[in-house]
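Source file: structure34.txt. Holds: compact mmCIF, N, CA and C atoms.
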```
# COMPACT_ATOMS: atom_id res chain seq x y z
N THR T 27 -53.02 -57.89 71.03
CA THR T 27 -52.96 -59.30 71.34
C THR T 27 -53.36 -59.48 72.79
N ALA T 28 -54.47 -60.12 73.02
CA ALA T 28 -54.92 -60.39 74.38
C ALA T 28 -54.51 -61.81 74.76
N CYS T 29 -54.69 -62.15 76.02
CA CYS T 29 -54.40 -63.48 76.50
C CYS T 29 -55.27 -64.48 75.74
N PRO T 30 -54.66 -65.51 75.16
CA PRO T 30 -55.45 -66.51 74.46
C PRO T 30 -56.50 -67.13 75.37
N VAL T 31 -57.66 -67.41 74.82
CA VAL T 31 -58.77 -67.97 75.60
C VAL T 31 -58.32 -69.27 76.26
N GLY T 32 -58.63 -69.39 77.53
CA GLY T 32 -58.30 -70.59 78.27
C GLY T 32 -56.88 -70.61 78.81
N LYS T 33 -56.08 -69.65 78.47
CA LYS T 33 -54.69 -69.59 78.94
C LYS T 33 -54.65 -68.95 80.32
N HIS T 34 -53.71 -69.40 81.12
CA HIS T 34 -53.48 -68.84 82.46
C HIS T 34 -53.23 -67.33 82.36
N LYS T 35 -53.82 -66.56 83.27
CA LYS T 35 -53.59 -65.11 83.30
C LYS T 35 -52.29 -64.84 84.06
N PRO T 36 -51.28 -64.31 83.37
CA PRO T 36 -49.99 -64.07 84.03
C PRO T 36 -50.07 -62.93 85.04
N THR T 37 -49.34 -63.09 86.14
CA THR T 37 -49.24 -62.01 87.12
C THR T 37 -48.04 -61.15 86.75
N ILE T 38 -48.25 -59.83 86.76
CA ILE T 38 -47.27 -58.90 86.19
C ILE T 38 -47.00 -57.75 87.16
N LEU T 39 -45.72 -57.42 87.29
CA LEU T 39 -45.28 -56.27 88.08
C LEU T 39 -44.56 -55.31 87.14
N GLY T 40 -44.97 -54.07 87.12
CA GLY T 40 -44.28 -53.03 86.38
C GLY T 40 -43.45 -52.21 87.35
N LEU T 41 -42.16 -52.06 87.07
CA LEU T 41 -41.27 -51.35 87.99
C LEU T 41 -40.64 -50.14 87.35
N GLY T 42 -40.57 -49.08 88.09
CA GLY T 42 -39.82 -47.89 87.74
C GLY T 42 -39.03 -47.50 88.98
N GLY T 43 -37.83 -47.99 89.09
CA GLY T 43 -37.05 -47.76 90.31
C GLY T 43 -37.70 -48.53 91.46
N ASN T 44 -38.05 -47.82 92.52
CA ASN T 44 -38.72 -48.43 93.67
C ASN T 44 -40.23 -48.21 93.64
N TYR T 45 -40.75 -47.93 92.47
CA TYR T 45 -42.18 -47.66 92.33
C TYR T 45 -42.83 -48.64 91.37
N THR T 46 -44.13 -48.84 91.56
CA THR T 46 -44.90 -49.70 90.69
C THR T 46 -46.25 -49.05 90.40
N TYR T 47 -46.98 -49.67 89.52
CA TYR T 47 -48.28 -49.16 89.08
C TYR T 47 -49.39 -49.95 89.76
N GLY T 48 -50.27 -49.23 90.43
CA GLY T 48 -51.43 -49.86 91.05
C GLY T 48 -52.67 -49.68 90.20
N SER T 49 -53.80 -49.62 90.87
CA SER T 49 -55.06 -49.38 90.16
C SER T 49 -55.08 -47.94 89.66
N GLU T 50 -56.01 -47.67 88.79
CA GLU T 50 -56.19 -46.32 88.24
C GLU T 50 -54.95 -45.81 87.50
N THR T 51 -54.27 -46.73 86.79
CA THR T 51 -53.13 -46.34 85.96
C THR T 51 -53.32 -46.94 84.57
N LEU T 52 -52.70 -46.31 83.61
CA LEU T 52 -52.73 -46.84 82.25
C LEU T 52 -52.01 -48.19 82.19
N PHE T 53 -50.96 -48.37 83.00
CA PHE T 53 -50.26 -49.66 83.04
C PHE T 53 -51.22 -50.78 83.45
N LYS T 54 -52.04 -50.52 84.46
CA LYS T 54 -53.02 -51.52 84.89
C LYS T 54 -53.98 -51.83 83.76
N ASP T 55 -54.42 -50.80 83.03
CA ASP T 55 -55.33 -51.01 81.89
C ASP T 55 -54.66 -51.84 80.80
N ILE T 56 -53.37 -51.59 80.54
CA ILE T 56 -52.64 -52.36 79.53
C ILE T 56 -52.55 -53.82 79.96
N VAL T 57 -52.20 -54.06 81.21
CA VAL T 57 -52.10 -55.44 81.71
C VAL T 57 -53.45 -56.14 81.59
N THR T 58 -54.52 -55.46 81.96
CA THR T 58 -55.86 -56.04 81.85
C THR T 58 -56.21 -56.34 80.40
N THR T 59 -55.89 -55.41 79.50
CA THR T 59 -56.14 -55.62 78.07
C THR T 59 -55.43 -56.86 77.57
N LEU T 60 -54.24 -57.11 78.10
CA LEU T 60 -53.45 -58.26 77.68
C LEU T 60 -53.87 -59.55 78.39
N GLY T 61 -54.86 -59.45 79.25
CA GLY T 61 -55.34 -60.65 79.94
C GLY T 61 -54.54 -61.02 81.16
N GLY T 62 -53.73 -60.10 81.65
CA GLY T 62 -52.90 -60.37 82.82
C GLY T 62 -53.49 -59.79 84.08
N ILE T 63 -52.78 -60.00 85.17
CA ILE T 63 -53.16 -59.47 86.48
C ILE T 63 -52.03 -58.57 86.96
N ASN T 64 -52.35 -57.30 87.19
CA ASN T 64 -51.37 -56.36 87.71
C ASN T 64 -51.28 -56.58 89.22
N VAL T 65 -50.16 -57.12 89.68
CA VAL T 65 -50.04 -57.45 91.10
C VAL T 65 -50.06 -56.21 92.00
N GLY T 66 -49.61 -55.08 91.48
CA GLY T 66 -49.67 -53.85 92.28
C GLY T 66 -51.10 -53.46 92.58
N ALA T 67 -51.95 -53.49 91.56
CA ALA T 67 -53.37 -53.17 91.74
C ALA T 67 -54.04 -54.22 92.61
N GLN T 68 -53.74 -55.49 92.35
CA GLN T 68 -54.33 -56.57 93.13
C GLN T 68 -53.89 -56.48 94.59
N GLY T 69 -52.68 -55.96 94.82
CA GLY T 69 -52.15 -55.81 96.17
C GLY T 69 -52.66 -54.58 96.90
N GLY T 70 -53.53 -53.80 96.26
CA GLY T 70 -54.16 -52.66 96.92
C GLY T 70 -53.52 -51.32 96.66
N LEU T 71 -52.49 -51.25 95.82
CA LEU T 71 -51.90 -49.95 95.53
C LEU T 71 -52.78 -49.18 94.55
N LYS T 72 -52.73 -47.87 94.69
CA LYS T 72 -53.52 -46.99 93.83
C LYS T 72 -52.57 -45.98 93.20
N GLY T 73 -52.66 -45.82 91.89
CA GLY T 73 -51.78 -44.89 91.20
C GLY T 73 -50.36 -45.44 91.14
N TYR T 74 -49.42 -44.52 91.01
CA TYR T 74 -48.00 -44.86 90.95
C TYR T 74 -47.48 -44.75 92.36
N ASP T 75 -47.08 -45.87 92.97
CA ASP T 75 -46.77 -45.87 94.39
C ASP T 75 -45.50 -46.67 94.67
N GLU T 76 -44.90 -46.37 95.81
CA GLU T 76 -43.68 -47.07 96.20
C GLU T 76 -43.99 -48.53 96.51
N VAL T 77 -43.06 -49.41 96.14
CA VAL T 77 -43.21 -50.84 96.39
C VAL T 77 -42.04 -51.30 97.26
N SER T 78 -42.34 -52.12 98.24
CA SER T 78 -41.29 -52.62 99.14
C SER T 78 -40.84 -54.02 98.71
N SER T 79 -39.70 -54.42 99.21
CA SER T 79 -39.21 -55.78 98.95
C SER T 79 -40.19 -56.82 99.46
N GLU T 80 -40.79 -56.55 100.61
CA GLU T 80 -41.75 -57.48 101.19
C GLU T 80 -42.95 -57.67 100.27
N MET T 81 -43.42 -56.58 99.66
CA MET T 81 -44.55 -56.68 98.73
C MET T 81 -44.18 -57.54 97.52
N ILE T 82 -43.00 -57.32 96.98
CA ILE T 82 -42.56 -58.06 95.80
C ILE T 82 -42.49 -59.55 96.12
N VAL T 83 -41.92 -59.91 97.28
CA VAL T 83 -41.84 -61.32 97.67
C VAL T 83 -43.24 -61.90 97.85
N LYS T 84 -44.12 -61.16 98.50
CA LYS T 84 -45.49 -61.64 98.74
C LYS T 84 -46.24 -61.83 97.43
N TRP T 85 -46.11 -60.89 96.51
CA TRP T 85 -46.84 -60.96 95.25
C TRP T 85 -46.26 -62.00 94.31
N ASP T 86 -44.95 -62.25 94.38
CA ASP T 86 -44.26 -63.24 93.56
C ASP T 86 -44.71 -63.23 92.10
N PRO T 87 -44.51 -62.11 91.39
CA PRO T 87 -45.00 -62.01 90.01
C PRO T 87 -44.32 -62.99 89.06
N GLU T 88 -45.08 -63.42 88.06
CA GLU T 88 -44.54 -64.30 87.03
C GLU T 88 -43.75 -63.52 85.99
N TRP T 89 -44.07 -62.25 85.83
CA TRP T 89 -43.39 -61.36 84.87
C TRP T 89 -43.09 -60.04 85.55
N ILE T 90 -41.92 -59.47 85.24
CA ILE T 90 -41.58 -58.13 85.68
C ILE T 90 -41.16 -57.35 84.44
N PHE T 91 -41.78 -56.18 84.27
CA PHE T 91 -41.42 -55.26 83.19
C PHE T 91 -40.85 -54.01 83.83
N ALA T 92 -39.72 -53.56 83.33
CA ALA T 92 -39.07 -52.37 83.87
C ALA T 92 -38.51 -51.54 82.72
N GLY T 93 -38.31 -50.28 83.00
CA GLY T 93 -37.74 -49.37 82.01
C GLY T 93 -36.28 -49.11 82.30
N ALA T 94 -35.56 -48.72 81.25
CA ALA T 94 -34.14 -48.39 81.39
C ALA T 94 -33.82 -47.17 80.54
N ASN T 95 -32.85 -46.42 81.00
CA ASN T 95 -32.35 -45.32 80.18
C ASN T 95 -31.69 -45.90 78.94
N PRO T 96 -31.62 -45.12 77.86
CA PRO T 96 -30.97 -45.61 76.64
C PRO T 96 -29.56 -46.13 76.94
N GLY T 97 -29.27 -47.33 76.43
CA GLY T 97 -27.96 -47.93 76.61
C GLY T 97 -27.74 -48.62 77.95
N GLU T 98 -28.78 -48.66 78.81
CA GLU T 98 -28.60 -49.23 80.15
C GLU T 98 -29.48 -50.44 80.43
N VAL T 99 -29.92 -51.13 79.37
CA VAL T 99 -30.80 -52.28 79.55
C VAL T 99 -30.12 -53.38 80.36
N ASP T 100 -28.91 -53.77 79.97
CA ASP T 100 -28.21 -54.85 80.67
C ASP T 100 -27.91 -54.48 82.12
N GLN T 101 -27.47 -53.24 82.36
CA GLN T 101 -27.17 -52.81 83.72
C GLN T 101 -28.43 -52.79 84.58
N THR T 102 -29.54 -52.36 84.00
CA THR T 102 -30.80 -52.31 84.74
C THR T 102 -31.25 -53.72 85.11
N LYS T 103 -31.15 -54.63 84.17
CA LYS T 103 -31.55 -56.01 84.44
C LYS T 103 -30.66 -56.62 85.52
N ALA T 104 -29.36 -56.38 85.45
CA ALA T 104 -28.43 -56.90 86.46
C ALA T 104 -28.76 -56.32 87.84
N ARG T 105 -29.08 -55.03 87.89
CA ARG T 105 -29.45 -54.38 89.15
C ARG T 105 -30.71 -55.01 89.73
N LEU T 106 -31.69 -55.29 88.86
CA LEU T 106 -32.92 -55.92 89.33
C LEU T 106 -32.63 -57.30 89.91
N LEU T 107 -31.85 -58.09 89.19
CA LEU T 107 -31.55 -59.45 89.64
C LEU T 107 -30.69 -59.48 90.90
N ALA T 108 -29.96 -58.40 91.16
CA ALA T 108 -29.15 -58.31 92.38
C ALA T 108 -30.00 -58.04 93.62
N ASN T 109 -31.24 -57.61 93.42
CA ASN T 109 -32.16 -57.36 94.52
C ASN T 109 -32.70 -58.72 94.99
N PRO T 110 -32.44 -59.11 96.25
CA PRO T 110 -32.87 -60.44 96.72
C PRO T 110 -34.38 -60.67 96.57
N ALA T 111 -35.19 -59.65 96.77
CA ALA T 111 -36.64 -59.81 96.64
C ALA T 111 -37.02 -60.16 95.21
N ILE T 112 -36.41 -59.48 94.25
CA ILE T 112 -36.70 -59.76 92.84
C ILE T 112 -36.12 -61.11 92.43
N ALA T 113 -34.92 -61.42 92.89
CA ALA T 113 -34.28 -62.69 92.55
C ALA T 113 -35.11 -63.88 93.04
N HIS T 114 -35.91 -63.67 94.06
CA HIS T 114 -36.75 -64.72 94.66
C HIS T 114 -38.02 -64.99 93.84
N THR T 115 -38.39 -64.10 92.95
CA THR T 115 -39.67 -64.22 92.23
C THR T 115 -39.65 -65.29 91.13
N GLN T 116 -40.85 -65.72 90.78
CA GLN T 116 -41.02 -66.61 89.63
C GLN T 116 -40.44 -65.96 88.37
N ALA T 117 -40.64 -64.65 88.25
CA ALA T 117 -40.16 -63.92 87.07
C ALA T 117 -38.66 -64.11 86.90
N ALA T 118 -37.91 -63.96 87.97
CA ALA T 118 -36.45 -64.12 87.89
C ALA T 118 -36.08 -65.57 87.61
N ARG T 119 -36.71 -66.50 88.31
CA ARG T 119 -36.38 -67.92 88.13
C ARG T 119 -36.67 -68.41 86.71
N ASN T 120 -37.70 -67.84 86.08
CA ASN T 120 -38.10 -68.27 84.74
C ASN T 120 -37.59 -67.35 83.63
N HIS T 121 -36.70 -66.43 83.98
CA HIS T 121 -36.13 -65.48 83.01
C HIS T 121 -37.22 -64.65 82.34
N HIS T 122 -38.17 -64.20 83.14
CA HIS T 122 -39.29 -63.38 82.65
C HIS T 122 -39.18 -61.95 83.16
N ILE T 123 -37.98 -61.43 83.16
CA ILE T 123 -37.79 -60.01 83.46
C ILE T 123 -37.47 -59.33 82.14
N VAL T 124 -38.33 -58.40 81.76
CA VAL T 124 -38.19 -57.71 80.48
C VAL T 124 -37.89 -56.25 80.76
N VAL T 125 -36.75 -55.79 80.28
CA VAL T 125 -36.35 -54.39 80.45
C VAL T 125 -36.46 -53.71 79.10
N LEU T 126 -37.25 -52.66 79.06
CA LEU T 126 -37.50 -51.92 77.83
C LEU T 126 -36.76 -50.60 77.88
N GLU T 127 -36.06 -50.31 76.80
CA GLU T 127 -35.24 -49.10 76.74
C GLU T 127 -36.04 -47.88 76.33
N GLY T 128 -35.68 -46.77 76.94
CA GLY T 128 -36.23 -45.48 76.52
C GLY T 128 -37.64 -45.23 77.02
N PRO T 129 -38.33 -44.34 76.36
CA PRO T 129 -39.62 -43.87 76.86
C PRO T 129 -40.77 -44.85 76.67
N VAL T 130 -40.54 -45.98 76.01
CA VAL T 130 -41.65 -46.91 75.75
C VAL T 130 -42.28 -47.39 77.05
N PHE T 131 -41.52 -47.46 78.13
CA PHE T 131 -42.06 -47.96 79.38
C PHE T 131 -42.94 -46.96 80.11
N PHE T 132 -42.85 -45.70 79.75
CA PHE T 132 -43.65 -44.70 80.44
C PHE T 132 -45.09 -44.81 79.98
N ALA T 133 -45.88 -45.51 80.77
CA ALA T 133 -47.24 -45.86 80.35
C ALA T 133 -48.16 -44.65 80.22
N ASP T 134 -47.75 -43.51 80.73
CA ASP T 134 -48.60 -42.33 80.59
C ASP T 134 -48.13 -41.44 79.44
N SER T 135 -47.33 -42.00 78.56
CA SER T 135 -46.77 -41.23 77.47
C SER T 135 -47.43 -41.60 76.15
N PRO T 136 -47.08 -40.90 75.07
CA PRO T 136 -47.58 -41.27 73.75
C PRO T 136 -47.08 -42.63 73.29
N TYR T 137 -46.18 -43.24 74.06
CA TYR T 137 -45.62 -44.53 73.71
C TYR T 137 -46.41 -45.70 74.29
N ALA T 138 -47.60 -45.46 74.81
CA ALA T 138 -48.40 -46.52 75.45
C ALA T 138 -48.66 -47.67 74.49
N THR T 139 -48.91 -47.38 73.23
CA THR T 139 -49.15 -48.45 72.25
C THR T 139 -47.90 -49.29 72.07
N SER T 140 -46.74 -48.66 72.08
CA SER T 140 -45.48 -49.41 71.97
C SER T 140 -45.29 -50.30 73.19
N LEU T 141 -45.64 -49.81 74.36
CA LEU T 141 -45.55 -50.62 75.57
C LEU T 141 -46.48 -51.82 75.47
N LEU T 142 -47.70 -51.60 75.05
CA LEU T 142 -48.67 -52.68 74.91
C LEU T 142 -48.14 -53.75 73.95
N LYS T 143 -47.61 -53.34 72.81
CA LYS T 143 -47.08 -54.29 71.82
C LYS T 143 -45.88 -55.05 72.37
N ALA T 144 -44.97 -54.35 73.04
CA ALA T 144 -43.78 -54.99 73.59
C ALA T 144 -44.16 -56.01 74.66
N MET T 145 -45.12 -55.66 75.50
CA MET T 145 -45.56 -56.59 76.54
C MET T 145 -46.27 -57.79 75.92
N ALA T 146 -47.13 -57.56 74.94
CA ALA T 146 -47.83 -58.67 74.27
C ALA T 146 -46.83 -59.63 73.64
N ASN T 147 -45.82 -59.09 72.97
CA ASN T 147 -44.80 -59.94 72.36
C ASN T 147 -44.07 -60.77 73.40
N ALA T 148 -43.70 -60.15 74.51
CA ALA T 148 -42.98 -60.87 75.57
C ALA T 148 -43.85 -61.96 76.19
N LEU T 149 -45.11 -61.63 76.45
CA LEU T 149 -45.99 -62.56 77.13
C LEU T 149 -46.46 -63.71 76.24
N TYR T 150 -46.78 -63.41 74.98
CA TYR T 150 -47.48 -64.39 74.16
C TYR T 150 -46.83 -64.74 72.83
N GLU T 151 -45.78 -64.04 72.47
CA GLU T 151 -45.21 -64.29 71.14
C GLU T 151 -43.71 -64.46 71.23
N LYS T 152 -42.99 -63.51 70.72
CA LYS T 152 -41.54 -63.61 70.66
C LYS T 152 -40.93 -62.35 71.26
N PRO T 153 -39.65 -62.43 71.66
CA PRO T 153 -38.99 -61.24 72.21
C PRO T 153 -38.95 -60.11 71.18
N THR T 154 -38.98 -58.89 71.67
CA THR T 154 -38.95 -57.72 70.79
C THR T 154 -37.59 -57.07 70.86
N GLU T 155 -37.28 -56.29 69.83
CA GLU T 155 -36.04 -55.51 69.88
C GLU T 155 -36.16 -54.51 71.00
N GLY T 156 -35.08 -54.27 71.69
CA GLY T 156 -35.07 -53.31 72.79
C GLY T 156 -35.48 -53.96 74.10
N ALA T 157 -35.89 -55.21 74.07
CA ALA T 157 -36.24 -55.91 75.30
C ALA T 157 -35.21 -57.01 75.54
N LYS T 158 -34.78 -57.13 76.76
CA LYS T 158 -33.83 -58.19 77.11
C LYS T 158 -34.27 -58.82 78.40
```
Please lay out the structure from this file as structure tokens.
Amino acid sequence: TACPVGKHKPTILGLGGNYTYGSETLFKDIVTTLGGINVGAQGGLKGYDEVSSEMIVKWDPEWIFAGANPGEVDQTKARLLANPAIAHTQAARNHHIVVLEGPVFFADSPYATSLLKAMANALYEKPTEGAK
């Protein structure tokens, strides 16, 4: 499922702890396939790189996708929202923070198709199981 023709391209931040995905990553390719803009790549990061609070505030993503250990989706989301930089984003204000449980978020894994489907559902369709 790609971005519907004529629809605004959403700005997206993928988070793994204090790291995000820049250019030359499968996550960036997935975001592009979905018709979105990977703010890490747009912000000049290359590969999997550390992201600062200042970068997050500057980029102000409309969507944030993050991974969580099994059983820790709610705690991970609460931790993200407790970060003032993340709480300041459009994603937080519009309840567009999606936390995916388990290995599906690891974009360099065999679960890349699952990540693509989960992101497409969140962006353009309906919430998926395992996403909160």
Polymer residues at most 7 Å from stretch 100-115 of chain T, only N, CA and C atoms, same-chain spacing of 2 or more positions, as a PyMOL selection string: chain T and resi 79-80+82-83+86-88+93-94+97-98+117-120+125
All helix (DSSP H, G or I) residues (DSSP, backbone) inside chain T, as a VMD selection string: chain T and resid 52 to 59 65 to 68 79 to 85 99 to 108 110 to 113 116 to 119 128 to 131 138 to 150
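Of note, atom CA of T:His34 and atom CA of T:Pro129 are spaced 29.1 Å apart.
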Neighbours of stretch 62-66 of chain T within 6 Å (only C-alpha atoms; same-chain residues fewer than 4 positions away dropped), as a CSV table (one decimal) with N, CA and C atoms, keeping the file's coordinate frame?
```csv
chain,number,residue,atom,x,y,z
T,35,LYS,N,-53.8,-66.6,83.3
T,35,LYS,CA,-53.6,-65.1,83.3
T,35,LYS,C,-52.3,-64.8,84.1
T,36,PRO,N,-51.3,-64.3,83.4
T,36,PRO,CA,-50.0,-64.1,84.0
T,36,PRO,C,-50.1,-62.9,85.0
T,37,THR,N,-49.3,-63.1,86.1
T,37,THR,CA,-49.2,-62.0,87.1
T,37,THR,C,-48.0,-61.2,86.8
T,38,ILE,N,-48.2,-59.8,86.8
T,38,ILE,CA,-47.3,-58.9,86.2
T,38,ILE,C,-47.0,-57.8,87.2
T,39,LEU,N,-45.7,-57.4,87.3
T,39,LEU,CA,-45.3,-56.3,88.1
T,39,LEU,C,-44.6,-55.3,87.1
T,47,TYR,N,-47.0,-49.7,89.5
T,47,TYR,CA,-48.3,-49.2,89.1
T,47,TYR,C,-49.4,-50.0,89.8
T,48,GLY,N,-50.3,-49.2,90.4
T,48,GLY,CA,-51.4,-49.9,91.0
T,48,GLY,C,-52.7,-49.7,90.2
T,54,LYS,N,-52.0,-50.5,84.5
T,54,LYS,CA,-53.0,-51.5,84.9
T,54,LYS,C,-54.0,-51.8,83.8
T,57,VAL,N,-52.2,-54.1,81.2
T,57,VAL,CA,-52.1,-55.4,81.7
T,57,VAL,C,-53.4,-56.1,81.6
T,58,THR,N,-54.5,-55.5,82.0
T,58,THR,CA,-55.9,-56.0,81.8
T,58,THR,C,-56.2,-56.3,80.4
T,71,LEU,N,-52.5,-51.2,95.8
T,71,LEU,CA,-51.9,-50.0,95.5
T,71,LEU,C,-52.8,-49.2,94.6
```
Given all atoms listed in the file as the counted atoms, nearest of T:Glu50, T:Gly43, T:Ala148, T:Lys72 to T:Val124: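 Among the listed residues, the smallest separation from T:Val124 belongs to T:Ala148.
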For atom C of T:Leu126 and atom CA of T:Ala138, the interatomic separation in Å (one decimal): 12.6 Å
From T:Leu41, T:Val99, T:Ala67, T:Ile90, residue lying nearest T:Met145 [only C-alpha atoms]: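 Checking each of T:Leu41, T:Val99, T:Ala67, T:Ile90 against T:Met145, counting only C-alpha atoms, the winner is T:Ile90.
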Nearest to T:Tyr45, chosen from T:Ile123, T:Lys84, T:Glu151, T:Ser78, with all atoms listed in the file counted in the distances: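 Smallest separation from T:Tyr45 among the options: T:Ser78.
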Using only C-alpha atoms: which of T:Thr46, T:Leu60, T:Leu52, T:Ser140 has the shortest distance to T:Glu76: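 The closest residue to T:Glu76 is T:Thr46.
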Atom pair atom N of T:Gly40 / atom N of T:Pro136: separation (Å): 18.0 Å
